[in-house]
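Here's start.cif, which has mmCIF, C-alpha atoms:
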data_entry
#
loop_
_atom_site.group_PDB
_atom_site.id
_atom_site.type_symbol
_atom_site.label_atom_id
_atom_site.label_comp_id
_atom_site.auth_asym_id
_atom_site.auth_seq_id
_atom_site.Cartn_x
_atom_site.Cartn_y
_atom_site.Cartn_z
ATOM 1 C CA MET A 1 94.517 -40.787 -16.631
ATOM 2 C CA ASP A 2 94.204 -44.394 -17.747
ATOM 3 C CA ALA A 3 91.060 -46.566 -17.751
ATOM 4 C CA LEU A 4 92.025 -48.417 -14.536
ATOM 5 C CA GLU A 5 92.354 -45.172 -12.561
ATOM 6 C CA LYS A 6 88.985 -43.921 -13.924
ATOM 7 C CA LYS A 7 87.353 -47.164 -12.828
ATOM 8 C CA LYS A 8 88.750 -46.759 -9.274
ATOM 9 C CA ASN A 9 87.298 -43.238 -9.009
ATOM 10 C CA THR A 10 83.822 -44.314 -10.240
ATOM 11 C CA PRO A 11 81.476 -45.297 -7.374
ATOM 12 C CA SER A 12 80.088 -48.806 -7.577
ATOM 13 C CA ILE A 13 76.389 -49.512 -8.070
ATOM 14 C CA ALA A 14 76.249 -51.125 -4.634
ATOM 15 C CA LYS A 15 77.622 -47.965 -3.012
ATOM 16 C CA LEU A 16 75.105 -45.759 -4.878
ATOM 17 C CA ALA A 17 72.259 -48.099 -3.908
ATOM 18 C CA LEU A 18 73.323 -47.981 -0.261
ATOM 19 C CA VAL A 19 73.399 -44.161 -0.270
ATOM 20 C CA LEU A 20 69.980 -44.022 -1.959
ATOM 21 C CA PHE A 21 68.591 -46.498 0.591
ATOM 22 C CA ALA A 22 69.945 -44.438 3.496
ATOM 23 C CA VAL A 23 68.449 -41.185 2.145
ATOM 24 C CA THR A 24 65.086 -42.900 1.555
ATOM 25 C CA ALA A 25 65.074 -44.392 5.053
ATOM 26 C CA ILE A 26 65.835 -41.023 6.673
ATOM 27 C CA VAL A 27 63.123 -39.204 4.677
ATOM 28 C CA SER A 28 60.588 -41.977 5.427
ATOM 29 C CA LEU A 29 61.377 -41.794 9.125
ATOM 30 C CA ALA A 30 60.987 -38.006 9.105
ATOM 31 C CA LEU A 31 57.626 -38.227 7.293
ATOM 32 C CA GLY A 32 56.449 -40.907 9.711
ATOM 33 C CA LEU A 33 57.354 -38.746 12.704
ATOM 34 C CA VAL A 34 55.624 -35.679 11.242
ATOM 35 C CA ASN A 35 52.500 -37.769 10.525
ATOM 36 C CA ASP A 36 52.535 -39.183 14.059
ATOM 37 C CA VAL A 37 52.822 -35.711 15.587
ATOM 38 C CA THR A 38 50.076 -34.134 13.406
ATOM 39 C CA LYS A 39 47.494 -36.931 12.933
ATOM 40 C CA ASP A 40 45.539 -36.178 16.129
ATOM 41 C CA LYS A 41 45.413 -32.457 15.316
ATOM 42 C CA ILE A 42 44.247 -33.193 11.761
ATOM 43 C CA ALA A 43 41.538 -35.551 13.064
ATOM 44 C CA ALA A 44 40.395 -32.970 15.629
ATOM 45 C CA ASN A 45 40.248 -30.259 12.953
ATOM 46 C CA SER A 46 38.178 -32.560 10.733
ATOM 47 C CA VAL A 47 35.701 -33.216 13.562
ATOM 48 C CA GLU A 48 35.416 -29.473 14.271
ATOM 49 C CA LYS A 49 34.860 -28.664 10.598
ATOM 50 C CA THR A 50 32.102 -31.291 10.394
ATOM 51 C CA LYS A 51 30.446 -29.916 13.562
ATOM 52 C CA GLU A 52 30.579 -26.423 12.074
ATOM 53 C CA ALA A 53 29.056 -27.721 8.839
ATOM 54 C CA TYR A 54 26.199 -29.455 10.684
ATOM 55 C CA ALA A 55 25.372 -26.313 12.660
ATOM 56 C CA ASN A 56 25.634 -24.221 9.490
ATOM 57 C CA VAL A 57 23.142 -26.274 7.470
ATOM 58 C CA LEU A 58 20.665 -27.160 10.256
ATOM 59 C CA SER A 59 21.030 -26.014 13.828
ATOM 60 C CA ALA A 60 19.884 -28.620 16.348
ATOM 61 C CA ASP A 61 20.602 -29.742 19.902
ATOM 62 C CA SER A 62 21.639 -33.237 18.816
ATOM 63 C CA TYR A 63 22.235 -35.350 15.742
ATOM 64 C CA GLU A 64 21.501 -39.087 15.874
ATOM 65 C CA GLU A 65 22.954 -41.277 13.144
ATOM 66 C CA ILE A 66 20.443 -43.371 11.234
ATOM 67 C CA SER A 67 21.439 -46.925 10.340
ATOM 68 C CA ALA A 68 22.230 -47.167 6.628
ATOM 69 C CA ASP A 69 20.073 -50.309 6.462
ATOM 70 C CA THR A 70 16.963 -48.157 6.852
ATOM 71 C CA TYR A 71 17.509 -46.348 3.555
ATOM 72 C CA LYS A 72 19.932 -48.703 1.760
ATOM 73 C CA LYS A 73 17.457 -51.576 1.810
ATOM 74 C CA ASP A 74 18.392 -53.393 -1.384
ATOM 75 C CA GLU A 75 20.892 -53.361 -4.235
ATOM 76 C CA ALA A 76 19.107 -50.557 -6.108
ATOM 77 C CA SER A 77 18.878 -48.216 -3.118
ATOM 78 C CA THR A 78 22.432 -49.044 -2.025
ATOM 79 C CA LYS A 79 23.614 -47.979 -5.481
ATOM 80 C CA ALA A 80 21.352 -44.893 -5.557
ATOM 81 C CA PHE A 81 22.553 -43.698 -2.132
ATOM 82 C CA ARG A 82 26.201 -44.840 -2.375
ATOM 83 C CA THR A 83 27.483 -41.254 -2.017
ATOM 84 C CA ILE A 84 25.852 -40.803 1.413
ATOM 85 C CA THR A 85 28.411 -41.685 4.077
ATOM 86 C CA LYS A 86 26.275 -40.711 7.090
ATOM 87 C CA LEU A 87 22.650 -39.699 7.562
ATOM 88 C CA SER A 88 21.468 -38.298 10.898
ATOM 89 C CA THR A 89 18.231 -37.114 12.451
ATOM 90 C CA ALA A 90 18.487 -33.572 13.846
ATOM 91 C CA LYS A 91 16.611 -33.119 17.131
ATOM 92 C CA ASP A 92 15.713 -30.224 19.382
ATOM 93 C CA SER A 93 16.146 -30.151 23.176
ATOM 94 C CA SER A 94 12.860 -32.027 23.706
ATOM 95 C CA GLY A 95 13.984 -34.843 21.392
ATOM 96 C CA ALA A 96 11.606 -33.885 18.580
ATOM 97 C CA THR A 97 12.891 -34.281 15.025
ATOM 98 C CA VAL A 98 13.574 -30.946 13.335
ATOM 99 C CA GLY A 99 15.138 -32.367 10.185
ATOM 100 C CA TYR A 100 17.971 -34.403 8.743
ATOM 101 C CA VAL A 101 21.661 -33.884 8.040
ATOM 102 C CA ALA A 102 23.678 -36.001 5.620
ATOM 103 C CA GLU A 103 27.404 -36.278 4.951
ATOM 104 C CA THR A 104 28.115 -37.084 1.320
ATOM 105 C CA ASN A 105 31.194 -37.845 -0.764
ATOM 106 C CA PHE A 106 30.866 -37.561 -4.542
ATOM 107 C CA SER A 107 32.715 -36.791 -7.739
ATOM 108 C CA GLY A 108 32.984 -33.239 -9.062
ATOM 109 C CA ALA A 109 34.825 -31.921 -12.115
ATOM 110 C CA GLN A 110 38.376 -32.261 -10.743
ATOM 111 C CA GLY A 111 37.996 -34.882 -8.030
ATOM 112 C CA MET A 112 35.981 -35.787 -4.970
ATOM 113 C CA LEU A 113 33.940 -33.379 -2.859
ATOM 114 C CA THR A 114 32.715 -33.916 0.688
ATOM 115 C CA MET A 115 29.552 -32.025 1.506
ATOM 116 C CA VAL A 116 27.018 -31.765 4.319
ATOM 117 C CA VAL A 117 23.343 -31.301 3.348
ATOM 118 C CA GLY A 118 20.584 -30.185 5.698
ATOM 119 C CA LEU A 119 16.852 -30.830 5.256
ATOM 120 C CA ASP A 120 13.972 -29.718 7.428
ATOM 121 C CA LYS A 121 11.052 -32.023 8.359
ATOM 122 C CA ASP A 122 9.314 -31.140 5.074
ATOM 123 C CA LEU A 123 12.426 -32.230 3.112
ATOM 124 C CA THR A 124 13.243 -28.666 2.098
ATOM 125 C CA CYS A 125 16.979 -27.987 1.845
ATOM 126 C CA THR A 126 18.165 -25.776 4.689
ATOM 127 C CA GLY A 127 21.673 -25.453 3.262
ATOM 128 C CA ILE A 128 24.821 -27.162 2.018
ATOM 129 C CA TYR A 129 28.389 -26.902 3.276
ATOM 130 C CA VAL A 130 31.330 -28.250 1.291
ATOM 131 C CA THR A 131 33.940 -29.475 3.790
ATOM 132 C CA LYS A 132 36.487 -30.838 1.312
ATOM 133 C CA SER A 133 37.066 -30.049 -2.348
ATOM 134 C CA SER A 134 39.690 -30.351 -5.049
ATOM 135 C CA GLU A 135 37.802 -28.204 -7.561
ATOM 136 C CA THR A 136 39.475 -25.474 -9.612
ATOM 137 C CA SER A 137 40.020 -22.192 -7.777
ATOM 138 C CA GLY A 138 37.759 -19.446 -9.104
ATOM 139 C CA LEU A 139 35.484 -21.964 -10.818
ATOM 140 C CA GLY A 140 34.221 -25.134 -9.124
ATOM 141 C CA ALA A 141 35.750 -24.053 -5.818
ATOM 142 C CA LYS A 142 33.002 -21.400 -5.647
ATOM 143 C CA ALA A 143 30.700 -24.190 -4.435
ATOM 144 C CA SER A 144 32.729 -24.124 -1.191
ATOM 145 C CA GLU A 145 32.258 -20.407 -0.551
ATOM 146 C CA THR A 146 30.201 -19.571 2.543
ATOM 147 C CA SER A 147 29.993 -15.768 2.350
ATOM 148 C CA GLU A 148 26.636 -14.009 2.025
ATOM 149 C CA GLY A 149 25.288 -14.380 -1.518
ATOM 150 C CA ALA A 150 27.493 -17.375 -2.319
ATOM 151 C CA TRP A 151 26.337 -19.869 -4.953
ATOM 152 C CA ARG A 152 25.261 -22.372 -2.305
ATOM 153 C CA ASP A 153 22.541 -19.972 -1.097
ATOM 154 C CA GLN A 154 20.450 -20.894 -4.156
ATOM 155 C CA LEU A 155 19.982 -24.374 -2.719
ATOM 156 C CA LYS A 156 18.352 -23.092 0.488
ATOM 157 C CA GLY A 157 14.642 -23.747 0.061
ATOM 158 C CA ALA A 158 15.161 -26.315 -2.705
ATOM 159 C CA THR A 159 12.655 -29.155 -2.646
ATOM 160 C CA ASP A 160 12.086 -32.508 -4.300
ATOM 161 C CA GLY A 161 12.937 -32.226 -8.003
ATOM 162 C CA VAL A 162 15.782 -29.737 -7.485
ATOM 163 C CA ALA A 163 17.905 -29.351 -10.638
ATOM 164 C CA LEU A 164 20.021 -26.889 -12.595
ATOM 165 C CA LYS A 165 18.262 -24.553 -15.053
ATOM 166 C CA LYS A 166 20.087 -26.411 -17.833
ATOM 167 C CA ASP A 167 18.350 -29.563 -16.619
ATOM 168 C CA GLY A 168 14.880 -28.020 -16.309
ATOM 169 C CA GLY A 169 15.199 -26.740 -12.735
ATOM 170 C CA THR A 170 15.747 -23.351 -11.114
ATOM 171 C CA ILE A 171 19.357 -23.473 -9.885
ATOM 172 C CA VAL A 172 21.777 -21.328 -11.917
ATOM 173 C CA ALA A 173 25.129 -23.080 -12.442
ATOM 174 C CA ILE A 174 28.418 -21.495 -11.419
ATOM 175 C CA THR A 175 29.863 -19.883 -14.558
ATOM 176 C CA GLY A 176 32.402 -22.263 -16.060
ATOM 177 C CA ALA A 177 31.643 -24.967 -13.483
ATOM 178 C CA THR A 178 28.501 -26.727 -14.662
ATOM 179 C CA ILE A 179 29.807 -30.170 -13.686
ATOM 180 C CA THR A 180 30.475 -29.123 -10.089
ATOM 181 C CA SER A 181 27.156 -27.259 -9.867
ATOM 182 C CA ARG A 182 25.251 -30.247 -11.222
ATOM 183 C CA ALA A 183 27.050 -32.646 -8.868
ATOM 184 C CA CYS A 184 26.203 -30.558 -5.775
ATOM 185 C CA THR A 185 22.602 -30.032 -6.883
ATOM 186 C CA ASN A 186 22.108 -33.719 -7.684
ATOM 187 C CA GLU A 187 23.532 -34.601 -4.278
ATOM 188 C CA VAL A 188 20.817 -32.541 -2.566
ATOM 189 C CA GLN A 189 18.243 -34.566 -4.513
ATOM 190 C CA THR A 190 19.995 -37.801 -3.510
ATOM 191 C CA VAL A 191 19.693 -36.861 0.169
ATOM 192 C CA ILE A 192 15.991 -35.965 -0.303
ATOM 193 C CA ASN A 193 15.424 -39.360 -1.913
ATOM 194 C CA ALA A 194 17.250 -41.148 0.912
ATOM 195 C CA VAL A 195 15.137 -39.450 3.589
ATOM 196 C CA LYS A 196 11.964 -40.265 1.617
ATOM 197 C CA ALA A 197 13.120 -43.900 1.574
ATOM 198 C CA LEU A 198 13.096 -43.956 5.393
ATOM 199 C CA GLY A 199 9.293 -44.192 5.161
#

Full structure transcribed into structure tokens:
Amino acid sequence: MDALEKKKNTPSIAKLALVLFAVTAIVSLALGLVNDVTKDKIAANSVEKTKEAYANVLSADSYEEISADTYKKDEASTKAFRTITKLSTAKDSSGATVGYVAETNFSGAQGMLTMVVGLDKDLTCTGIYVTKSSETSGLGAKASETSEGAWRDQLKGATDGVALKKDGGTIVAITGATITSRACTNEVQTVINAVKALG
């Protein structure tokens, strides 16, 4: 076979580019359709998981969002409470405040965690519930466990000044996951500080 015949049998760059473009367009269209079909279901699941988390950390008849301006009053407090994405007052059926619930988003050992923190009227932690985590399975992911006796149970009853034992507090870190444990514990303190800042 001579060089001219080999050249005829070799596809041109333009032809390869066109094939690659067509494959990319088809895959993009398929992904777009799948996203369009599933986005409402994903959003609904997220809302349900958040509702479950609220009820799990502090049962109430209603939750009323507090304006961020009431606790993020200046540059210092905005920076201190930057991880709080939503803070709500929990109320009973008569409209009386029974506590506070906060949604937080913060950095763990392997990535971001989303967590809900409950406080009663005395600013005692009523529980935490991790709704989203990318922590290592068997280590930091233990912060997400909700079974009886899970690590998170230590934070129930925690008050102002909550910290890990390694930091002078009473909370025992998850074995092999000190960073995640510290991040979750510090976030409870952040929420306490934010509620105190309400005045």

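Residues with at least one atom no more than 9 Å from (21.5, -23.8, -9.6), using all atoms listed in the file, are Trp151, Arg152, Gln154, Leu155, Val162, Ala163, Leu164, Lys165, Lys166, Gly169, Thr170, Ile171, Val172, Ala173, Ile174, Ser181, Arg182 and Thr185 of chain A.
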
Nearest to Ser59 in chain A by atom-to-atom distance, counting all atoms listed in the file, from A:Leu119, A:Val34, A:Ala43, A:Ala14 | A:Leu119

Output check: residues returned by the PyMOL selection byres ((chain A and resi 88) around 10), as a VMD selection string | chain A and resid 62 to 68 86 to 87 89 to 91 99 to 103 118 195

Would you work out the distance separating CA of Thr104 in chain A from CA of Gly168 in chain A, expressed in Å to one decimal?
->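 According to the coordinates, CA of Thr104 in chain A and CA of Gly168 in chain A are separated by 23.8 Å.
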
Can you tell me how far CA of Val47 in chain A sits from CA of Lys72 in chain A, in Å to one decimal?
-> 25.1 Å

One decimal, Å: what's the distance from CA of Thr131 in chain A over to CA of Leu113 in chain A, could you say?
-> 7.7 Å

Among the residues A:Ala183, A:Leu139, A:Ile192, A:Leu16, the one that comes closest to Tyr71 in chain A [using only C-alpha atoms] = A:Ile192

Nearest candidate to Asn186 in chain A (options A:Thr83, A:Ser133, A:Asn56, A:Thr124; using all atoms listed in the file) =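 Nearest candidate to Asn186 in chain A out of A:Thr83, A:Ser133, A:Asn56, A:Thr124: A:Thr83.
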